[in-house]
$ cat final.cif   # mmCIF, N, CA and C atoms and all ligand atoms
data_data
#
loop_
_atom_site.label_atom_id
_atom_site.label_comp_id
_atom_site.auth_asym_id
_atom_site.auth_seq_id
_atom_site.Cartn_x
_atom_site.Cartn_y
_atom_site.Cartn_z
N MET A 1 -81.14 -44.31 66.85
CA MET A 1 -80.63 -43.07 66.29
C MET A 1 -81.11 -41.90 67.16
N LYS A 2 -80.16 -41.06 67.52
CA LYS A 2 -80.50 -39.91 68.34
C LYS A 2 -80.72 -38.70 67.42
N ILE A 3 -81.79 -37.95 67.65
CA ILE A 3 -82.07 -36.75 66.84
C ILE A 3 -82.10 -35.54 67.77
N GLU A 4 -81.29 -34.56 67.42
CA GLU A 4 -81.16 -33.37 68.25
C GLU A 4 -81.62 -32.15 67.44
N TYR A 5 -82.38 -31.26 68.07
CA TYR A 5 -82.84 -30.04 67.40
C TYR A 5 -82.19 -28.85 68.08
N VAL A 6 -81.56 -28.01 67.27
CA VAL A 6 -80.76 -26.91 67.79
C VAL A 6 -81.25 -25.58 67.21
N ALA A 7 -81.34 -24.58 68.07
CA ALA A 7 -81.61 -23.18 67.67
C ALA A 7 -83.01 -22.96 67.10
N PHE A 8 -83.95 -23.80 67.49
CA PHE A 8 -85.34 -23.57 67.09
C PHE A 8 -85.98 -22.67 68.14
N GLU A 9 -86.19 -21.41 67.78
CA GLU A 9 -86.82 -20.48 68.72
C GLU A 9 -88.33 -20.57 68.64
N ASN A 10 -88.83 -21.09 67.54
CA ASN A 10 -90.27 -21.20 67.32
C ASN A 10 -90.68 -22.68 67.47
N PRO A 11 -91.43 -23.00 68.56
CA PRO A 11 -91.81 -24.41 68.79
C PRO A 11 -92.63 -25.00 67.65
N ALA A 12 -93.48 -24.19 67.02
CA ALA A 12 -94.29 -24.71 65.91
C ALA A 12 -93.40 -25.10 64.73
N LEU A 13 -92.38 -24.30 64.51
CA LEU A 13 -91.44 -24.59 63.43
C LEU A 13 -90.66 -25.88 63.74
N GLN A 14 -90.23 -26.02 64.96
CA GLN A 14 -89.53 -27.25 65.35
C GLN A 14 -90.46 -28.45 65.21
N GLY A 15 -91.73 -28.25 65.59
CA GLY A 15 -92.70 -29.34 65.46
C GLY A 15 -92.86 -29.77 64.01
N GLU A 16 -92.92 -28.82 63.12
CA GLU A 16 -93.08 -29.15 61.70
C GLU A 16 -91.85 -29.87 61.16
N VAL A 17 -90.67 -29.33 61.47
CA VAL A 17 -89.44 -29.96 60.97
C VAL A 17 -89.29 -31.36 61.58
N SER A 18 -89.55 -31.48 62.88
CA SER A 18 -89.35 -32.80 63.51
C SER A 18 -90.35 -33.82 62.97
N SER A 19 -91.58 -33.40 62.64
CA SER A 19 -92.52 -34.38 62.09
C SER A 19 -92.06 -34.86 60.71
N LEU A 20 -91.42 -33.98 59.94
CA LEU A 20 -90.89 -34.39 58.64
C LEU A 20 -89.66 -35.29 58.80
N VAL A 21 -88.80 -34.95 59.74
CA VAL A 21 -87.62 -35.79 59.98
C VAL A 21 -88.07 -37.18 60.47
N GLU A 22 -89.05 -37.21 61.34
CA GLU A 22 -89.57 -38.50 61.83
C GLU A 22 -90.18 -39.31 60.68
N LYS A 23 -90.89 -38.63 59.78
CA LYS A 23 -91.54 -39.31 58.66
C LYS A 23 -90.53 -39.98 57.72
N TYR A 24 -89.37 -39.32 57.55
CA TYR A 24 -88.41 -39.81 56.56
C TYR A 24 -87.13 -40.40 57.15
N LYS A 25 -87.06 -40.53 58.45
CA LYS A 25 -85.81 -41.04 59.04
C LYS A 25 -85.56 -42.51 58.68
N TYR A 26 -86.59 -43.21 58.19
CA TYR A 26 -86.39 -44.61 57.76
C TYR A 26 -85.39 -44.69 56.60
N ILE A 27 -85.23 -43.58 55.89
CA ILE A 27 -84.32 -43.54 54.74
C ILE A 27 -82.86 -43.54 55.19
N VAL A 28 -82.60 -43.01 56.38
CA VAL A 28 -81.22 -42.83 56.86
C VAL A 28 -80.57 -44.19 57.12
N PRO A 29 -79.37 -44.42 56.58
CA PRO A 29 -78.69 -45.71 56.79
C PRO A 29 -78.48 -45.97 58.29
N PRO A 30 -78.56 -47.25 58.68
CA PRO A 30 -78.50 -47.58 60.11
C PRO A 30 -77.17 -47.27 60.79
N TRP A 31 -76.11 -47.07 60.00
CA TRP A 31 -74.82 -46.77 60.64
C TRP A 31 -74.75 -45.31 61.11
N ILE A 32 -75.71 -44.49 60.71
CA ILE A 32 -75.76 -43.11 61.21
C ILE A 32 -76.44 -43.12 62.58
N LEU A 33 -75.70 -42.73 63.58
CA LEU A 33 -76.19 -42.83 64.95
C LEU A 33 -76.83 -41.54 65.44
N ARG A 34 -76.55 -40.43 64.75
CA ARG A 34 -77.00 -39.14 65.27
C ARG A 34 -77.39 -38.20 64.12
N ILE A 35 -78.52 -37.53 64.28
CA ILE A 35 -78.91 -36.46 63.35
C ILE A 35 -79.01 -35.18 64.17
N ARG A 36 -78.33 -34.16 63.70
CA ARG A 36 -78.38 -32.85 64.36
C ARG A 36 -79.07 -31.88 63.39
N VAL A 37 -80.26 -31.42 63.77
CA VAL A 37 -81.04 -30.53 62.92
C VAL A 37 -80.90 -29.11 63.47
N VAL A 38 -80.37 -28.21 62.66
CA VAL A 38 -80.09 -26.85 63.12
C VAL A 38 -80.95 -25.86 62.33
N MET A 39 -81.72 -25.06 63.05
CA MET A 39 -82.51 -24.01 62.42
C MET A 39 -81.64 -22.77 62.27
N CYS A 40 -81.47 -22.36 61.02
CA CYS A 40 -80.65 -21.16 60.72
C CYS A 40 -81.59 -20.09 60.18
N ALA A 41 -82.58 -19.72 60.99
CA ALA A 41 -83.65 -18.81 60.53
C ALA A 41 -83.14 -17.43 60.18
N ASN A 42 -82.03 -17.04 60.76
CA ASN A 42 -81.50 -15.70 60.49
C ASN A 42 -80.35 -15.73 59.51
N ARG A 43 -80.20 -16.87 58.85
CA ARG A 43 -79.07 -17.01 57.95
C ARG A 43 -79.53 -17.50 56.58
N GLU A 44 -79.00 -16.88 55.55
CA GLU A 44 -79.24 -17.37 54.19
C GLU A 44 -78.00 -18.15 53.78
N ASP A 45 -78.24 -19.29 53.18
CA ASP A 45 -77.12 -20.01 52.61
C ASP A 45 -76.59 -19.21 51.42
N SER A 46 -75.31 -19.28 51.20
CA SER A 46 -74.70 -18.48 50.14
C SER A 46 -75.26 -18.81 48.76
N LEU A 47 -75.72 -20.03 48.56
CA LEU A 47 -76.26 -20.42 47.26
C LEU A 47 -77.78 -20.25 47.20
N GLY A 48 -78.36 -19.73 48.25
CA GLY A 48 -79.80 -19.55 48.26
C GLY A 48 -80.58 -20.84 48.45
N THR A 49 -79.93 -21.87 48.98
CA THR A 49 -80.64 -23.13 49.19
C THR A 49 -81.54 -23.03 50.42
N MET A 50 -82.48 -23.95 50.52
CA MET A 50 -83.43 -23.95 51.63
C MET A 50 -82.94 -24.77 52.80
N ALA A 51 -82.13 -25.79 52.50
CA ALA A 51 -81.60 -26.65 53.55
C ALA A 51 -80.35 -27.33 53.02
N ARG A 52 -79.56 -27.84 53.93
CA ARG A 52 -78.32 -28.49 53.52
C ARG A 52 -78.02 -29.67 54.46
N ALA A 53 -77.62 -30.78 53.87
CA ALA A 53 -77.24 -31.95 54.66
C ALA A 53 -75.73 -32.16 54.56
N THR A 54 -75.11 -32.41 55.69
CA THR A 54 -73.68 -32.72 55.70
C THR A 54 -73.50 -34.05 56.43
N LEU A 55 -72.93 -34.99 55.69
CA LEU A 55 -72.73 -36.33 56.24
C LEU A 55 -71.30 -36.45 56.75
N ASP A 56 -71.16 -36.92 57.96
CA ASP A 56 -69.83 -37.15 58.53
C ASP A 56 -69.73 -38.62 58.91
N HIS A 57 -69.14 -39.41 57.98
CA HIS A 57 -69.12 -40.86 58.26
C HIS A 57 -68.11 -41.23 59.33
N ASP A 58 -67.07 -40.41 59.53
CA ASP A 58 -66.13 -40.70 60.63
C ASP A 58 -66.87 -40.72 61.97
N TYR A 59 -67.77 -39.78 62.13
CA TYR A 59 -68.50 -39.68 63.40
C TYR A 59 -69.93 -40.21 63.28
N MET A 60 -70.21 -40.87 62.18
CA MET A 60 -71.49 -41.54 61.95
C MET A 60 -72.67 -40.61 62.24
N SER A 61 -72.59 -39.40 61.68
CA SER A 61 -73.64 -38.43 61.96
C SER A 61 -74.06 -37.66 60.70
N LEU A 62 -75.24 -37.10 60.78
CA LEU A 62 -75.79 -36.28 59.70
C LEU A 62 -76.18 -34.94 60.30
N ALA A 63 -75.70 -33.85 59.71
CA ALA A 63 -76.12 -32.51 60.12
C ALA A 63 -77.09 -31.99 59.08
N LEU A 64 -78.22 -31.50 59.53
CA LEU A 64 -79.23 -30.97 58.63
C LEU A 64 -79.50 -29.51 59.02
N GLU A 65 -79.07 -28.60 58.16
CA GLU A 65 -79.28 -27.17 58.42
C GLU A 65 -80.49 -26.70 57.61
N VAL A 66 -81.38 -25.99 58.28
CA VAL A 66 -82.58 -25.44 57.62
C VAL A 66 -82.44 -23.92 57.61
N TYR A 67 -82.53 -23.33 56.42
CA TYR A 67 -82.30 -21.89 56.28
C TYR A 67 -83.61 -21.11 56.19
N ALA A 68 -83.48 -19.79 56.35
CA ALA A 68 -84.64 -18.89 56.38
C ALA A 68 -85.54 -19.07 55.15
N ARG A 69 -84.95 -19.31 54.00
CA ARG A 69 -85.73 -19.42 52.77
C ARG A 69 -86.72 -20.59 52.80
N TRP A 70 -86.40 -21.62 53.58
CA TRP A 70 -87.27 -22.79 53.69
C TRP A 70 -88.64 -22.41 54.26
N ILE A 71 -88.64 -21.50 55.23
CA ILE A 71 -89.86 -21.13 55.95
C ILE A 71 -90.91 -20.56 55.00
N ASP A 72 -90.50 -19.83 53.98
CA ASP A 72 -91.43 -19.15 53.09
C ASP A 72 -91.99 -20.04 51.98
N GLN A 73 -91.58 -21.29 51.93
CA GLN A 73 -92.02 -22.18 50.85
C GLN A 73 -93.39 -22.79 51.16
N SER A 74 -94.00 -23.38 50.16
CA SER A 74 -95.28 -24.08 50.35
C SER A 74 -95.05 -25.33 51.21
N ASP A 75 -96.12 -25.86 51.80
CA ASP A 75 -96.00 -27.08 52.60
C ASP A 75 -95.35 -28.21 51.79
N GLU A 76 -95.79 -28.35 50.55
CA GLU A 76 -95.27 -29.42 49.68
C GLU A 76 -93.76 -29.26 49.45
N LYS A 77 -93.36 -28.03 49.18
CA LYS A 77 -91.93 -27.78 48.90
C LYS A 77 -91.10 -27.98 50.16
N ARG A 78 -91.63 -27.57 51.31
CA ARG A 78 -90.88 -27.76 52.57
C ARG A 78 -90.67 -29.25 52.84
N GLU A 79 -91.73 -30.05 52.62
CA GLU A 79 -91.60 -31.48 52.85
C GLU A 79 -90.61 -32.10 51.87
N GLU A 80 -90.73 -31.74 50.60
CA GLU A 80 -89.82 -32.27 49.58
C GLU A 80 -88.36 -31.94 49.91
N THR A 81 -88.15 -30.73 50.41
CA THR A 81 -86.78 -30.30 50.73
C THR A 81 -86.18 -31.12 51.88
N ILE A 82 -86.95 -31.33 52.93
CA ILE A 82 -86.43 -32.12 54.06
C ILE A 82 -86.16 -33.56 53.60
N LYS A 83 -87.07 -34.11 52.82
CA LYS A 83 -86.90 -35.48 52.30
C LYS A 83 -85.63 -35.56 51.44
N HIS A 84 -85.47 -34.59 50.54
CA HIS A 84 -84.29 -34.54 49.67
C HIS A 84 -83.01 -34.51 50.50
N GLU A 85 -82.98 -33.67 51.51
CA GLU A 85 -81.76 -33.56 52.32
C GLU A 85 -81.50 -34.85 53.10
N ILE A 86 -82.53 -35.49 53.56
CA ILE A 86 -82.35 -36.77 54.27
C ILE A 86 -81.83 -37.83 53.30
N ILE A 87 -82.27 -37.82 52.06
CA ILE A 87 -81.76 -38.76 51.06
C ILE A 87 -80.27 -38.54 50.81
N HIS A 88 -79.80 -37.33 51.03
CA HIS A 88 -78.36 -37.09 50.92
C HIS A 88 -77.56 -37.93 51.93
N SER A 89 -78.21 -38.44 52.96
CA SER A 89 -77.50 -39.32 53.90
C SER A 89 -77.08 -40.61 53.20
N ILE A 90 -77.75 -40.96 52.11
CA ILE A 90 -77.37 -42.13 51.30
C ILE A 90 -76.38 -41.69 50.21
N THR A 91 -76.76 -40.69 49.44
CA THR A 91 -75.98 -40.33 48.25
C THR A 91 -74.65 -39.64 48.60
N ASN A 92 -74.60 -38.94 49.72
CA ASN A 92 -73.35 -38.25 50.06
C ASN A 92 -72.26 -39.20 50.55
N TYR A 93 -72.65 -40.42 50.88
CA TYR A 93 -71.64 -41.41 51.26
C TYR A 93 -70.68 -41.63 50.09
N GLN A 94 -71.23 -41.83 48.90
CA GLN A 94 -70.42 -42.00 47.70
C GLN A 94 -69.83 -40.66 47.25
N PHE A 95 -70.65 -39.61 47.36
CA PHE A 95 -70.22 -38.27 46.93
C PHE A 95 -68.96 -37.83 47.68
N ASN A 96 -68.96 -37.98 48.99
CA ASN A 96 -67.80 -37.55 49.79
C ASN A 96 -66.54 -38.32 49.41
N LEU A 97 -66.71 -39.62 49.19
CA LEU A 97 -65.55 -40.43 48.78
C LEU A 97 -65.02 -39.95 47.43
N ALA A 98 -65.92 -39.77 46.47
CA ALA A 98 -65.51 -39.34 45.13
C ALA A 98 -64.80 -37.99 45.19
N MET A 99 -65.33 -37.07 45.97
CA MET A 99 -64.70 -35.74 46.08
C MET A 99 -63.31 -35.85 46.72
N ASN A 100 -63.18 -36.70 47.73
CA ASN A 100 -61.87 -36.88 48.37
C ASN A 100 -60.86 -37.48 47.40
N VAL A 101 -61.30 -38.45 46.61
CA VAL A 101 -60.40 -39.08 45.64
C VAL A 101 -59.93 -38.04 44.63
N VAL A 102 -60.86 -37.25 44.11
CA VAL A 102 -60.50 -36.23 43.12
C VAL A 102 -59.56 -35.21 43.75
N ASP A 103 -59.88 -34.75 44.96
CA ASP A 103 -59.02 -33.75 45.63
C ASP A 103 -57.60 -34.26 45.82
N ASN A 104 -57.47 -35.56 46.09
CA ASN A 104 -56.15 -36.10 46.42
C ASN A 104 -55.39 -36.68 45.23
N LEU A 105 -56.09 -36.99 44.14
CA LEU A 105 -55.40 -37.65 43.03
C LEU A 105 -55.36 -36.85 41.74
N VAL A 106 -56.14 -35.79 41.63
CA VAL A 106 -56.15 -35.00 40.40
C VAL A 106 -55.41 -33.69 40.67
N ALA A 107 -54.25 -33.55 40.06
CA ALA A 107 -53.39 -32.41 40.35
C ALA A 107 -53.87 -31.13 39.65
N ASP A 108 -54.35 -31.28 38.43
CA ASP A 108 -54.74 -30.11 37.64
C ASP A 108 -56.04 -29.51 38.17
N GLU A 109 -55.98 -28.24 38.54
CA GLU A 109 -57.15 -27.59 39.16
C GLU A 109 -58.36 -27.53 38.22
N ASN A 110 -58.12 -27.28 36.94
CA ASN A 110 -59.24 -27.20 35.99
C ASN A 110 -59.90 -28.56 35.80
N VAL A 111 -59.10 -29.60 35.72
CA VAL A 111 -59.65 -30.96 35.58
C VAL A 111 -60.41 -31.33 36.86
N ARG A 112 -59.82 -30.97 37.99
CA ARG A 112 -60.46 -31.26 39.28
C ARG A 112 -61.83 -30.59 39.35
N ARG A 113 -61.89 -29.32 38.96
CA ARG A 113 -63.16 -28.56 38.99
C ARG A 113 -64.18 -29.20 38.06
N LEU A 114 -63.74 -29.61 36.87
CA LEU A 114 -64.64 -30.24 35.90
C LEU A 114 -65.22 -31.54 36.44
N ILE A 115 -64.35 -32.39 36.97
CA ILE A 115 -64.81 -33.69 37.48
C ILE A 115 -65.74 -33.49 38.68
N LYS A 116 -65.38 -32.58 39.57
CA LYS A 116 -66.22 -32.34 40.76
C LYS A 116 -67.59 -31.79 40.36
N GLY A 117 -67.62 -30.97 39.32
CA GLY A 117 -68.90 -30.47 38.82
C GLY A 117 -69.78 -31.60 38.29
N GLN A 118 -69.15 -32.52 37.57
CA GLN A 118 -69.88 -33.68 37.03
C GLN A 118 -70.40 -34.58 38.15
N ILE A 119 -69.56 -34.82 39.14
CA ILE A 119 -69.97 -35.66 40.28
C ILE A 119 -71.14 -35.00 41.01
N THR A 120 -71.03 -33.71 41.26
CA THR A 120 -72.09 -32.98 41.98
C THR A 120 -73.41 -33.06 41.22
N GLU A 121 -73.35 -32.85 39.90
CA GLU A 121 -74.56 -32.89 39.08
C GLU A 121 -75.22 -34.27 39.13
N ARG A 122 -74.41 -35.30 39.02
CA ARG A 122 -74.97 -36.67 39.02
C ARG A 122 -75.53 -37.05 40.38
N VAL A 123 -74.85 -36.65 41.44
CA VAL A 123 -75.37 -36.95 42.79
C VAL A 123 -76.68 -36.21 43.03
N GLU A 124 -76.75 -34.94 42.61
CA GLU A 124 -78.00 -34.19 42.78
C GLU A 124 -79.13 -34.82 41.97
N ARG A 125 -78.82 -35.24 40.75
CA ARG A 125 -79.84 -35.87 39.91
C ARG A 125 -80.34 -37.17 40.55
N THR A 126 -79.42 -37.96 41.07
CA THR A 126 -79.81 -39.20 41.75
C THR A 126 -80.64 -38.89 42.99
N THR A 127 -80.23 -37.88 43.74
CA THR A 127 -80.97 -37.51 44.95
C THR A 127 -82.37 -37.03 44.60
N CYS A 128 -82.50 -36.24 43.54
CA CYS A 128 -83.81 -35.77 43.10
C CYS A 128 -84.69 -36.95 42.66
N TRP A 129 -84.09 -37.90 41.97
CA TRP A 129 -84.86 -39.05 41.51
C TRP A 129 -85.34 -39.88 42.70
N LEU A 130 -84.47 -40.12 43.64
CA LEU A 130 -84.87 -40.87 44.84
C LEU A 130 -85.96 -40.12 45.62
N THR A 131 -85.87 -38.78 45.63
CA THR A 131 -86.91 -37.98 46.31
C THR A 131 -88.26 -38.21 45.63
N GLU A 132 -88.25 -38.37 44.32
CA GLU A 132 -89.50 -38.60 43.59
C GLU A 132 -90.09 -39.97 43.88
N ILE A 133 -89.27 -40.99 43.98
CA ILE A 133 -89.79 -42.36 44.03
C ILE A 133 -89.96 -42.92 45.43
N LEU A 134 -89.34 -42.30 46.42
CA LEU A 134 -89.49 -42.84 47.79
C LEU A 134 -90.69 -42.22 48.49
ZN ZN B 1 -79.34 -31.99 46.98
#
$ encode --input "final.cif" --output "structure tokens"
Amino acid sequence: MKIEYVAFENPALQGEVSSLVEKYKYIVPPWILRIRVVMCANREDSLGTMARATLDHDYMSLALEVYARWIDQSDEKREETIKHEIIHSITNYQFNLAMNVVDNLVADENVRRLIKGQITERVERTTCWLTEIL
């Protein structure tokens, strides 16, 4: 698995993130060939999240964006956040499929929004639980 670090202007910050990615990369399914870790220190995610994982199974890759808010957290919270996002490499495999099915087969926008909300909640709950036990 190739791991690439992008836009890290602070070497100490890159060192911290890379040590956490190295610690938890065993969780990443073997079919993922590439992880791209992007430091977005000057950007806030619209939802105020600390980091975000995007799984692209077509290209067998995981993108991990780390936002400015992550930097200000405690050591424990920073580690938990990176671990949680890496666990999304497992849970988003099913999540992405479920979202695609709903988008393509549920015509009613309100029903689609309701189902997608339920799927998101359950995937987050599962991801949080796996973060606790792994
Ligand atoms: Zn999550």
$ residues_near_ligand --input "final.cif" --ligand "ligand ZN 1 (chain B)" --cutoff "8 Å" --atoms "all atoms listed in the file" --output "list of chain:residue names"
A:Ala51, A:Arg52, A:Ala53, A:His84, A:Glu85, A:Ile87, A:His88, A:Val123, A:Glu124, A:Arg125, A:Thr127, A:Cys128
$ closest_atom_pairs --input "final.cif" --of "range 23-105 of chain A" --to "range 111-117 of chain A" --cutoff "8 Å" --atoms "only N, CA and C atoms" --output "CSV"
residue,atom,partner,partner_atom,distance
A:Ala98,C,A:Lys116,CA,7.3
A:Met99,CA,A:Lys116,CA,6.5
A:Val102,C,A:Arg112,CA,6.0
A:Asp103,N,A:Arg112,CA,6.7
A:Leu105,C,A:Arg112,CA,8.0
$ atom_distance --input "final.cif" --atom1 "atom N of Ala7 in chain A" --atom2 "CA of Trp70 in chain A"
15.7 Å
$ residues_around --input "final.cif" --residues "Lys2 in chain A" --least-positions-apart "6" --cutoff "5 Å" --atoms "all atoms listed in the file" --output "PyMOL selection string"
chain A and resi 33-35
$ select_by_dssp --input "final.cif" --residues "chain A" --states "strand (DSSP E)" --output "MDAnalysis selection string"
chainID A and resid 2:6 34:40 51:56 61:67
$ atom_distance --input "final.cif" --atom1 "atom N of Leu62 in chain A" --atom2 "CA of Lys25 in chain A"
11.4 Å
$ atom_distance --input "final.cif" --atom1 "atom C of Pro30 in chain A" --atom2 "atom C of Tyr93 in chain A"
13.7 Å
$ closest_residue --input "final.cif" --among "A:Asp72, A:Val28, A:Met60, A:Thr126" --to "Ile86 in chain A" --atoms "all atoms listed in the file"
A:Val28
